[in-house]
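Pasted below: final-v5.txt, compact mmCIF, C-alpha atoms and all ligand atoms.
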# COMPACT_ATOMS: atom_id res chain seq x y z
CA MET A 1 -19.62 -25.50 18.50
CA LYS A 2 -21.26 -22.30 17.29
CA GLY A 3 -24.61 -23.28 18.80
CA PHE A 4 -22.92 -23.89 22.14
CA LEU A 5 -21.19 -20.53 22.00
CA VAL A 6 -24.41 -18.80 21.11
CA SER A 7 -26.22 -20.30 24.07
CA ILE A 8 -23.47 -19.10 26.36
CA THR A 9 -23.49 -15.61 24.98
CA LEU A 10 -27.24 -15.41 25.27
CA THR A 11 -26.86 -16.08 28.97
CA TRP A 12 -24.15 -13.51 29.07
CA PHE A 13 -26.24 -10.87 27.32
CA PRO A 14 -29.92 -11.67 27.89
CA ALA A 15 -31.87 -10.90 24.74
CA ARG A 16 -34.22 -7.99 24.98
CA LYS A 17 -37.89 -8.81 25.00
CA PRO A 18 -39.36 -8.04 21.59
CA ARG A 19 -41.13 -4.70 21.57
CA LYS A 20 -44.89 -5.09 21.61
CA GLU A 21 -46.79 -3.83 18.62
CA CYS A 22 -48.40 -0.45 19.14
CA ALA A 23 -50.95 -0.68 21.90
CA MET A 24 -54.08 1.40 21.48
CA THR A 25 -53.40 3.23 24.73
CA ASN A 26 -49.66 3.62 24.39
CA PRO A 27 -48.45 5.64 21.39
CA LEU A 28 -44.95 4.98 20.15
CA PHE A 29 -42.61 7.51 18.58
CA THR A 30 -39.17 5.99 18.10
CA ALA A 31 -36.23 6.15 15.73
CA LYS A 32 -33.64 3.41 15.37
CA ILE A 33 -30.34 3.79 13.55
CA TRP A 34 -29.53 0.84 11.26
CA GLY A 35 -26.64 2.52 9.47
CA CYS A 36 -24.61 5.65 10.22
CA ARG A 37 -21.43 5.43 8.13
CA GLY A 38 -20.95 7.89 5.33
CA SER A 39 -19.73 7.27 1.81
CA TYR A 40 -19.19 3.50 2.00
CA SER A 41 -19.52 0.64 4.47
CA ASN A 42 -16.44 0.08 6.51
CA GLU A 43 -15.23 -1.40 9.75
CA PRO A 44 -12.03 0.49 10.45
CA GLU A 45 -11.18 -0.88 13.86
CA GLU A 46 -9.03 -3.93 14.30
CA PHE A 47 -10.18 -6.75 16.50
CA LEU A 48 -7.99 -5.96 19.48
CA PRO A 49 -9.17 -2.42 20.36
CA ARG A 50 -12.78 -3.50 19.94
CA PHE A 51 -12.24 -6.49 22.19
CA GLN A 52 -10.50 -4.35 24.79
CA ARG A 53 -13.45 -1.96 24.75
CA LEU A 54 -15.83 -4.87 25.25
CA LEU A 55 -13.85 -6.07 28.26
CA LYS A 56 -14.03 -2.59 29.79
CA VAL A 57 -17.80 -2.52 29.87
CA LEU A 58 -18.33 -6.03 31.18
CA ASP A 59 -18.43 -7.36 34.69
CA PRO A 60 -15.13 -9.27 35.36
CA GLN A 61 -17.04 -12.06 37.11
CA GLN A 62 -19.17 -12.61 34.03
CA ILE A 63 -16.08 -12.72 31.87
CA GLU A 64 -14.55 -15.34 34.13
CA MET A 65 -17.74 -17.42 34.04
CA VAL A 66 -17.68 -17.36 30.26
CA ARG A 67 -14.00 -18.25 30.20
CA GLN A 68 -14.63 -21.29 32.37
CA ALA A 69 -17.74 -22.35 30.46
CA ASN A 70 -15.85 -22.13 27.19
CA GLN A 71 -12.62 -23.80 28.25
CA GLY A 72 -10.44 -24.39 25.27
CA VAL A 73 -12.25 -21.84 23.08
CA PRO A 74 -10.17 -18.76 22.30
CA LEU A 75 -11.68 -15.53 23.55
CA LYS A 76 -11.45 -14.08 20.07
CA GLU A 77 -13.76 -16.79 18.77
CA MET A 78 -16.23 -16.23 21.61
CA PHE A 79 -16.25 -12.52 20.91
CA GLU A 80 -16.88 -12.96 17.20
CA SER A 81 -19.64 -15.46 17.90
CA PHE A 82 -21.35 -12.84 20.03
CA LEU A 83 -20.99 -10.16 17.38
CA ASN A 84 -22.26 -12.38 14.59
CA ASP A 85 -25.23 -13.89 16.41
CA GLY A 86 -28.36 -12.97 14.48
CA ASP A 87 -29.30 -10.02 12.36
CA GLN A 88 -29.56 -7.40 15.08
CA PRO A 89 -26.72 -4.89 15.26
CA ARG A 90 -24.63 -5.53 18.37
CA HIS A 91 -22.98 -2.16 18.72
CA HIS A 92 -24.99 -0.88 21.64
CA LEU A 93 -22.16 -1.68 24.05
CA TYR A 94 -19.92 1.00 22.57
CA LEU A 95 -18.01 -1.69 20.69
CA ASP A 96 -17.87 0.63 17.74
CA ARG A 97 -20.11 2.99 15.85
CA GLY A 98 -21.15 0.57 13.13
CA ILE A 99 -20.22 -0.38 9.62
CA HIS A 100 -23.31 0.28 7.49
CA THR A 101 -24.40 3.30 5.49
CA THR A 102 -27.47 5.37 6.22
CA CYS A 103 -30.78 3.82 7.20
CA ILE A 104 -33.12 4.93 10.00
CA GLU A 105 -36.38 3.29 11.03
CA VAL A 106 -38.99 5.64 12.49
CA ARG A 107 -42.20 4.41 14.11
CA CYS A 108 -45.20 6.64 14.75
CA GLY A 109 -47.79 4.40 16.35
CA ASP A 110 -48.55 1.70 13.79
CA LYS A 111 -46.92 3.64 10.93
CA ILE A 112 -43.40 2.70 9.79
CA TYR A 113 -41.04 5.06 7.97
CA VAL A 114 -37.65 4.08 6.57
CA ILE A 115 -35.27 6.96 5.91
CA ASP A 116 -32.82 5.97 3.14
CA LEU A 117 -31.82 2.55 1.90
CA GLY A 118 -28.11 2.46 2.67
CA SER A 119 -26.58 -0.90 3.56
CA GLY A 120 -28.15 -0.74 7.04
CA CYS A 121 -31.53 -1.46 5.48
CA VAL A 122 -30.66 -5.10 4.77
CA ALA A 123 -30.97 -6.10 8.43
CA LEU A 124 -34.00 -3.84 8.85
CA GLY A 125 -35.72 -5.53 5.91
CA LYS A 126 -35.32 -8.93 7.57
CA LYS A 127 -36.75 -7.55 10.79
CA LEU A 128 -39.77 -6.01 9.07
CA ILE A 129 -40.58 -9.25 7.28
CA GLY A 130 -40.06 -11.37 10.40
CA GLY A 131 -42.19 -9.02 12.49
CA GLN A 132 -45.05 -9.16 10.03
CA LEU A 133 -44.95 -12.95 9.68
CA ALA A 134 -45.02 -13.29 13.47
CA LYS A 135 -48.30 -11.42 13.79
CA LYS A 136 -51.24 -13.49 14.87
CA SER A 137 -53.32 -12.33 11.94
CA TYR A 138 -50.91 -13.92 9.49
CA ASP A 139 -52.28 -16.89 7.58
CA PRO A 140 -49.31 -19.01 6.42
CA GLY A 141 -51.40 -20.99 3.99
CA GLY A 142 -53.30 -18.03 2.67
CA GLY A 143 -50.85 -16.65 0.16
CA GLY A 144 -50.00 -13.75 2.46
CA ARG A 145 -53.67 -12.90 2.85
CA GLY A 146 -54.61 -11.21 6.05
CA SER A 147 -51.15 -9.79 6.47
CA THR A 148 -49.71 -6.91 4.54
CA LEU A 149 -46.45 -5.22 5.42
CA LYS A 150 -46.97 -1.50 4.91
CA PHE A 151 -44.31 1.17 5.23
CA THR A 152 -43.03 4.37 3.69
CA VAL A 153 -39.53 5.10 2.39
CA LEU A 154 -38.37 8.69 2.82
CA GLY A 155 -35.36 9.18 0.54
CA THR A 156 -32.91 12.01 1.15
CA HIS A 157 -31.06 11.63 -2.15
CA VAL A 158 -29.82 8.99 -4.56
CA HIS A 159 -26.09 8.89 -3.90
CA LEU A 160 -24.76 5.34 -3.76
CA ASP A 161 -24.45 5.17 0.04
CA HIS A 162 -28.13 6.06 0.52
CA LEU A 163 -29.71 3.81 -2.09
CA ALA A 164 -27.61 1.49 -4.23
CA TYR A 165 -25.72 -0.12 -1.32
CA GLY A 166 -28.88 -1.37 0.35
CA ALA A 167 -31.91 -1.31 -1.98
CA PRO A 168 -30.82 -4.28 -4.13
CA PHE A 169 -30.78 -6.45 -0.99
CA PHE A 170 -33.80 -5.05 0.85
CA GLY A 171 -36.03 -8.04 1.60
CA PRO A 172 -39.47 -6.38 1.25
CA PHE A 173 -38.72 -5.70 -2.43
CA PHE A 174 -38.06 -9.40 -3.02
CA VAL A 175 -40.18 -11.42 -0.60
CA ALA A 176 -42.50 -13.73 -2.51
CA ASN A 177 -46.09 -12.56 -2.64
CA GLU A 178 -47.20 -16.08 -1.70
CA LEU A 179 -45.50 -15.45 1.63
CA LEU A 180 -46.25 -11.81 2.27
CA ASN A 181 -47.99 -8.86 0.66
CA CYS A 182 -46.13 -5.57 0.74
CA GLU A 183 -47.43 -2.06 0.22
CA ILE A 184 -44.60 0.41 -0.05
CA ARG A 185 -44.77 4.17 -0.58
CA MET A 186 -41.57 5.89 -1.66
CA PHE A 187 -40.87 9.62 -1.54
CA GLY A 188 -37.72 11.25 -2.83
CA GLY A 189 -36.50 14.18 -4.80
CA VAL A 190 -34.85 13.57 -8.12
CA ASP A 191 -36.47 16.14 -10.36
CA TRP A 192 -33.84 15.75 -13.06
CA TRP A 193 -34.81 12.11 -13.28
CA SER A 194 -38.01 10.17 -13.62
CA GLY A 195 -38.85 9.77 -9.93
CA MET A 196 -37.84 7.38 -7.18
CA ASP A 197 -38.70 4.39 -9.36
CA GLY A 198 -36.23 5.67 -11.93
CA ALA A 199 -33.64 6.12 -9.22
CA LEU A 200 -34.25 2.59 -7.97
CA ALA A 201 -33.84 1.27 -11.49
CA SER A 202 -30.30 2.54 -11.41
CA ALA A 203 -29.60 0.35 -8.38
CA ILE A 204 -31.58 -2.72 -9.47
CA GLU A 205 -31.03 -3.21 -13.18
CA ILE A 206 -29.28 -5.58 -15.56
CA PRO A 207 -26.24 -5.74 -15.92
CA PHE A 208 -25.52 -4.16 -12.54
CA PHE A 209 -27.88 -6.62 -10.85
CA PRO A 210 -29.18 -10.07 -11.91
CA LEU A 211 -32.79 -8.83 -12.22
CA SER A 212 -34.44 -5.68 -13.45
CA ILE A 213 -36.55 -3.46 -11.21
CA LYS A 214 -39.65 -4.57 -13.13
CA GLN A 215 -38.96 -8.24 -12.43
CA VAL A 216 -38.23 -7.62 -8.77
CA MET A 217 -41.33 -5.57 -8.06
CA ARG A 218 -43.71 -7.19 -10.51
CA GLU A 219 -46.39 -7.97 -7.98
CA LYS A 220 -45.50 -5.53 -5.25
CA THR A 221 -47.68 -2.52 -4.53
CA VAL A 222 -45.17 0.27 -4.76
CA THR A 223 -46.10 3.89 -5.25
CA THR A 224 -43.44 6.51 -5.86
CA LYS A 225 -43.63 10.26 -5.62
CA THR A 226 -41.07 12.86 -6.63
CA ILE A 227 -40.94 15.66 -4.09
CA GLN A 228 -39.89 19.31 -4.01
CA ASP A 229 -38.73 21.67 -1.27
CA GLY A 230 -41.42 21.99 1.39
CA PHE A 231 -43.23 18.81 0.32
CA GLU A 232 -45.55 17.61 3.07
CA ILE A 233 -47.06 14.26 3.96
CA ILE A 234 -49.95 14.12 6.42
CA ASP A 235 -50.65 10.66 7.81
CA GLU A 236 -52.70 9.35 10.72
CA ASP A 237 -51.92 6.54 13.11
CA GLU A 238 -54.50 3.90 13.94
CA GLN A 239 -55.93 6.14 16.68
CA GLY A 240 -56.35 9.12 14.38
CA ASN A 241 -53.35 11.07 15.71
CA LYS A 242 -51.82 13.26 13.01
CA ILE A 243 -48.31 12.60 11.67
CA ARG A 244 -46.87 15.57 9.81
CA ILE A 245 -43.77 14.99 7.68
CA THR A 246 -41.94 17.76 5.84
CA ALA A 247 -39.04 17.65 3.39
CA VAL A 248 -36.63 20.60 3.28
CA LYS A 249 -33.95 20.91 0.59
CA GLN A 250 -30.38 20.88 1.88
CA ASN A 251 -26.99 22.12 0.74
CA HIS A 252 -25.38 19.04 -0.82
CA PRO A 253 -24.15 18.16 -4.31
CA GLN A 254 -27.23 17.02 -6.23
CA GLU A 255 -30.72 17.41 -4.86
CA THR A 256 -30.95 16.34 -1.23
CA TYR A 257 -33.64 16.63 1.43
CA GLY A 258 -33.79 16.51 5.18
CA TRP A 259 -36.92 15.08 6.80
CA ARG A 260 -38.86 16.49 9.76
CA ILE A 261 -41.41 14.24 11.46
CA GLU A 262 -43.91 15.73 13.95
CA TYR A 263 -46.08 13.43 16.04
CA MET A 264 -47.66 13.48 19.51
CA GLY A 265 -46.29 16.98 20.18
CA LYS A 266 -42.67 15.90 19.51
CA VAL A 267 -40.35 16.52 16.58
CA PHE A 268 -37.70 14.20 15.10
CA VAL A 269 -35.39 15.47 12.34
CA PHE A 270 -32.97 13.68 10.07
CA GLY A 271 -30.84 16.34 8.38
CA GLY A 272 -29.50 14.15 5.57
CA ASP A 273 -26.13 14.88 4.00
CA ASN A 274 -25.39 18.60 4.17
CA GLU A 275 -22.64 21.13 4.68
CA PRO A 276 -22.73 24.72 5.95
CA PHE A 277 -24.09 27.23 3.53
CA PRO A 278 -21.30 28.72 1.35
CA GLY A 279 -19.77 31.68 3.11
CA PHE A 280 -20.89 30.57 6.53
CA ASP A 281 -18.01 28.35 7.60
CA ARG A 282 -19.00 28.55 11.23
CA GLY A 283 -22.65 29.29 10.66
CA CYS A 284 -25.69 27.48 9.42
CA ASP A 285 -27.65 27.00 6.28
CA PRO A 286 -30.97 28.81 6.97
CA LYS A 287 -32.83 25.89 5.45
CA LEU A 288 -31.21 23.49 7.87
CA VAL A 289 -32.13 25.79 10.76
CA LYS A 290 -35.71 25.81 9.51
CA LEU A 291 -35.74 22.03 9.25
CA CYS A 292 -34.48 21.61 12.82
CA LYS A 293 -36.41 24.48 14.45
CA GLU A 294 -37.14 23.57 18.09
CA ALA A 295 -36.89 19.87 17.34
CA ASP A 296 -36.68 17.44 20.23
CA VAL A 297 -34.22 15.12 18.46
CA VAL A 298 -31.93 15.90 15.52
CA VAL A 299 -29.68 13.41 13.72
CA ASN A 300 -27.25 15.21 11.44
CA ASP A 301 -24.15 14.83 9.29
CA CYS A 302 -20.87 15.39 11.20
CA GLN A 303 -18.39 13.57 8.98
CA TYR A 304 -15.33 15.79 9.29
CA SER A 305 -13.45 18.01 11.69
CA PHE A 306 -13.35 21.69 10.85
CA ASP A 307 -9.64 21.32 9.94
CA GLN A 308 -10.45 18.48 7.54
CA TYR A 309 -13.21 20.57 6.02
CA LEU A 310 -10.87 23.50 5.45
CA GLY A 311 -7.98 21.32 4.28
CA SER A 312 -5.64 22.58 6.98
CA THR A 313 -4.59 19.12 8.14
CA ARG A 314 -1.24 17.62 7.15
CA GLU A 315 -2.72 16.01 4.06
CA LYS A 316 -3.82 19.46 2.78
CA MET A 317 -7.01 18.11 1.23
CA SER A 318 -10.06 20.33 1.61
CA ARG A 319 -13.48 18.70 1.88
CA ARG A 320 -15.33 21.84 0.88
CA ALA A 321 -18.19 21.22 -1.52
CA TRP A 322 -18.20 17.53 -0.72
CA GLY A 323 -21.51 18.13 1.03
CA HIS A 324 -20.70 17.22 4.63
CA SER A 325 -20.55 19.03 7.94
CA PHE A 326 -18.31 19.43 11.01
CA PRO A 327 -18.77 19.99 14.76
CA GLU A 328 -18.65 23.79 14.87
CA ALA A 329 -21.39 24.06 12.24
CA ASN A 330 -23.50 21.49 14.06
CA ALA A 331 -23.10 23.30 17.38
CA ALA A 332 -24.22 26.53 15.71
CA LEU A 333 -27.17 24.63 14.27
CA VAL A 334 -28.23 23.39 17.71
CA ARG A 335 -28.04 26.92 19.11
CA GLU A 336 -29.69 28.73 16.18
CA ALA A 337 -32.48 26.21 15.73
CA GLY A 338 -33.06 25.86 19.48
CA VAL A 339 -32.81 22.07 19.40
CA LYS A 340 -34.39 20.94 22.65
CA GLY A 341 -33.26 17.50 23.75
CA ILE A 342 -30.88 15.27 21.85
CA PHE A 343 -28.44 15.81 19.00
CA VAL A 344 -26.94 12.75 17.29
CA THR A 345 -23.94 12.88 14.96
CA THR A 346 -23.99 10.61 11.92
CA HIS A 347 -22.52 9.95 8.46
CA HIS A 348 -19.26 9.00 10.14
CA ASP A 349 -16.28 8.96 7.85
CA PRO A 350 -15.58 5.38 6.72
CA GLY A 351 -12.02 5.62 8.02
CA ALA A 352 -12.97 7.13 11.38
CA GLU A 353 -12.44 5.00 14.46
CA THR A 354 -14.65 5.20 17.53
CA GLU A 355 -12.43 7.54 19.51
CA TRP A 356 -12.35 10.04 16.66
CA ILE A 357 -16.13 9.88 16.12
CA GLU A 358 -16.64 10.48 19.85
CA GLU A 359 -14.18 13.37 19.77
CA LEU A 360 -16.15 15.09 17.00
CA ALA A 361 -19.37 14.63 19.02
CA ARG A 362 -17.59 16.02 22.07
CA GLN A 363 -16.66 19.15 20.11
CA VAL A 364 -20.36 19.64 19.37
CA ALA A 365 -21.29 19.07 23.02
CA MET A 366 -18.77 21.64 24.29
CA ASN A 367 -20.51 24.39 22.33
CA VAL A 368 -24.20 23.76 22.93
CA PRO A 369 -26.43 24.41 25.95
CA LYS A 370 -26.08 21.81 28.69
CA THR A 371 -29.76 21.00 28.31
CA VAL A 372 -28.91 19.25 25.01
CA SER A 373 -27.37 15.77 25.12
CA VAL A 374 -25.00 14.95 22.26
CA ILE A 375 -24.60 11.34 21.16
CA ALA A 376 -22.09 9.96 18.66
CA GLY A 377 -24.53 7.90 16.61
CA PHE A 378 -24.12 4.13 16.38
CA GLU A 379 -25.92 1.19 14.83
CA GLY A 380 -28.63 -0.03 17.16
CA LEU A 381 -29.19 3.34 18.86
CA GLU A 382 -32.88 3.67 19.68
CA LEU A 383 -34.32 7.11 20.32
CA ASP A 384 -37.64 7.30 22.11
CA MET A 385 -39.07 10.76 21.46
CA LEU A 386 -41.70 10.27 24.16
CA ASN A 387 -39.10 9.30 26.78
CA LEU A 388 -35.81 10.99 25.97
CA SER A 389 -34.28 10.37 29.39
CA LYS A 390 -33.89 6.70 28.41
CA VAL A 391 -31.19 7.54 25.85
CA ASN A 392 -29.36 10.28 27.76
CA HIS A 393 -26.77 7.87 29.11
CA TYR A 394 -25.32 7.43 25.61
CA ALA A 395 -24.32 11.11 25.52
CA VAL A 396 -20.64 11.96 25.28
CA SER A 397 -19.23 13.53 28.43
CA VAL A 398 -17.56 16.93 28.26
ZN ZN B 401 -23.92 10.08 2.11

Written as C-alpha cells, that's how I'd like the structure from this file.
Amino acid sequence: MKGFLVSITLTWFPARKPRKECAMTNPLFTAKIWGCRGSYSNEPEEFLPRFQRLLKVLDPQQIEMVRQANQGVPLKEMFESFLNDGDQPRHHLYLDRGIHTTCIEVRCGDKIYVIDLGSGCVALGKKLIGGQLAKKSYDPGGGGRGSTLKFTVLGTHVHLDHLAYGAPFFGPFFVANELLNCEIRMFGGVDWWSGMDGALASAIEIPFFPLSIKQVMREKTVTTKTIQDGFEIIDEDEQGNKIRITAVKQNHPQETYGWRIEYMGKVFVFGGDNEPFPGFDRGCDPKLVKLCKEADVVVNDCQYSFDQYLGSTREKMSRRAWGHSFPEANAALVREAGVKGIFVTTHHDPGAETEWIEELARQVAMNVPKTVSVIAGFEGLELDMLNLSKVNHYAVSV
C-alpha cells in the first residue's frame, strides 16, 4: 500500500530534478537549512493544523484527484505517507518550520561546508554519501577508489543541540571505507578542551554510544583545528575563485562562534546562538554587527519574544543569559550591520508552533528597511546567494 501511495504523491508533487554538480561556467553559492530548532528536536504541532495548512496551499482539483485515486485510504494516511517519503525534508510547503536542531549546508562551487551537527545533519549525511556514490567517477568495485567525499565542518559550539544530537548518527563518520573514502576537516572553538576531536569524543564514546570515536573514525581522514576569535580559512573552488571564511566570537554561554562566508562577491552569515550584549537590551553586540556587516544573507538566532527574554510574560521566567535573541535585537542588527538582502530567523523554540515563529519573524520585518526580506527559517529552505530573488517569496508579509 505504501508504494502505491508514494507513487500517487510523487505525481501530486513532482520531485525536483537533482541539482547538477558545479559546472565550470556556473558558480554556485547556496545555503540549505537542514535543522533550525533550538535546544532539542521537537514537532510541536498536532496533525490537524498541519493538515489544514497543507490543504490551504494545494489546488482543490489536485486534492480531489488524489482522493479519488486513493479511495478507501484515509486522508491522514495519505498525508503522512507524503511527509515520510524519503530523506528529504518536506517542509517547504509551509507545513511547519521543522523538527531538527541546527545544521546548514553551504556550497561554494565544488566546496561543501557543514555548519554544526545538530540532528538535521543525519539526513544531510545520507544525501552527501548518496551524491558521491552517484558520481560517474565512482568505482563500486574499487574500494572507494576514485571517489572521495570531501567537506568541512564549521562548528559554532559544542552544546548538545549543535553536536551530540546529530554527530553520532552522521553517515560520513561511519560509512565503510570499502564503499567510500571521506576527507573531513573540522573547525571549532573549544579552547578549554582538547579541540573538536575532544568535543566529538564526548558525543561518540562508550558508554554513551556503542563505539568510541577512535573505532568510528579509525580509517577516516579527519583533521581538526581549534579556532579563536577572528580565525580565518581561505579556500579556493575548482576554478580558483577565493572563498574567505571568518569566525567571530559571540555572546553565548560557553565559547561560541558565528561564521561569515564570502564568495563570488557575496556574503553569507550564520550568527550561531547569541543574545544581545549585556546592557543593550534593544541593541546589538558589536561583534555580531561586525560578523554581519553588509552581508547579503544572514541567518540568526531569534528564539524568544522580547517579553519572554525579559521574563514579563505570565510565567515570569526570564531567559536572560540563556544565550538567545529576540526580534527587536535582530531588527537592530539588520539596521546597524546594513544587512542587504535576506534575513532568516532560526533556533526556533522547541515548543513554538508555526504561527508563533512567523509572528517573531514579522516583528523583525516591521522594523527593518523594506529592501530586506525576512524569512522565518524552515527545514528545506534553500538560499541562493547569487540569485536572491528566487527565495523572496518565502518572506513574511507585514
Ligand atoms: Zn543551540

Quiz item: Which of these, A:Val106, A:Val175, A:Lys150, A:Ala365, has the shortest distance to Ile243 (chain A) once you count only C-alpha atoms?
Solution: A:Val106

Exercise. Enumerate residues in contact with ligand ZN 401 (chain B): an atom-to-atom distance of at most 12 Å, counting only C-alpha atoms and all ligand atoms. Format the result as a PyMOL selection string.
Key: chain A and resi 35-41+100-103+116-119+155-165+252-254+256-257+271-275+300-303+322-325+346-350

Practice problem: Just give me the gap between CA of Thr30 (chain A) and CA of Cys108 (chain A) in Å, one decimal is fine. | Solution: 6.9 Å

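Distance check against Glu336 (chain A) using all atoms listed in the file: of A:Leu388, A:Ala321, A:Cys284, A:Leu310, the minimum falls on A:Cys284.
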
Self-check item: Counting all atoms listed in the file, the option among A:Asn387, A:Asn181, A:Gln239, A:Asn251 closest to Leu288 (chain A)
Solution: A:Asn251

Quiz item: Neighbours of Ala31 (chain A) within 7 Å (only C-alpha atoms; same-chain residues fewer than 2 positions away dropped), as a VMD selection string?
Solution: chain A and resid 33 104 to 107 382 to 384

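Residue nearest Leu360 (chain A) within the list A:Ile342, A:Gly380, A:Glu294, A:Asn330: A:Asn330 [criterion: smallest interatomic distance, all atoms listed in the file].
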
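Of note, CA of Lys220 (chain A) and CA of Thr152 (chain A) are spaced 13.6 Å apart.
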
Quiz item: Could you name the residues that touch Val267 (chain A) at 10 Å or less, counting only C-alpha atoms, but leaving out those on the same chain fewer than 4 positions away, as JSON, numbers by chain?
Solution: {"A": [29, 244, 245, 260, 261, 262, 263, 292, 293, 294, 295, 296, 297, 298, 339, 340, 385, 386]}
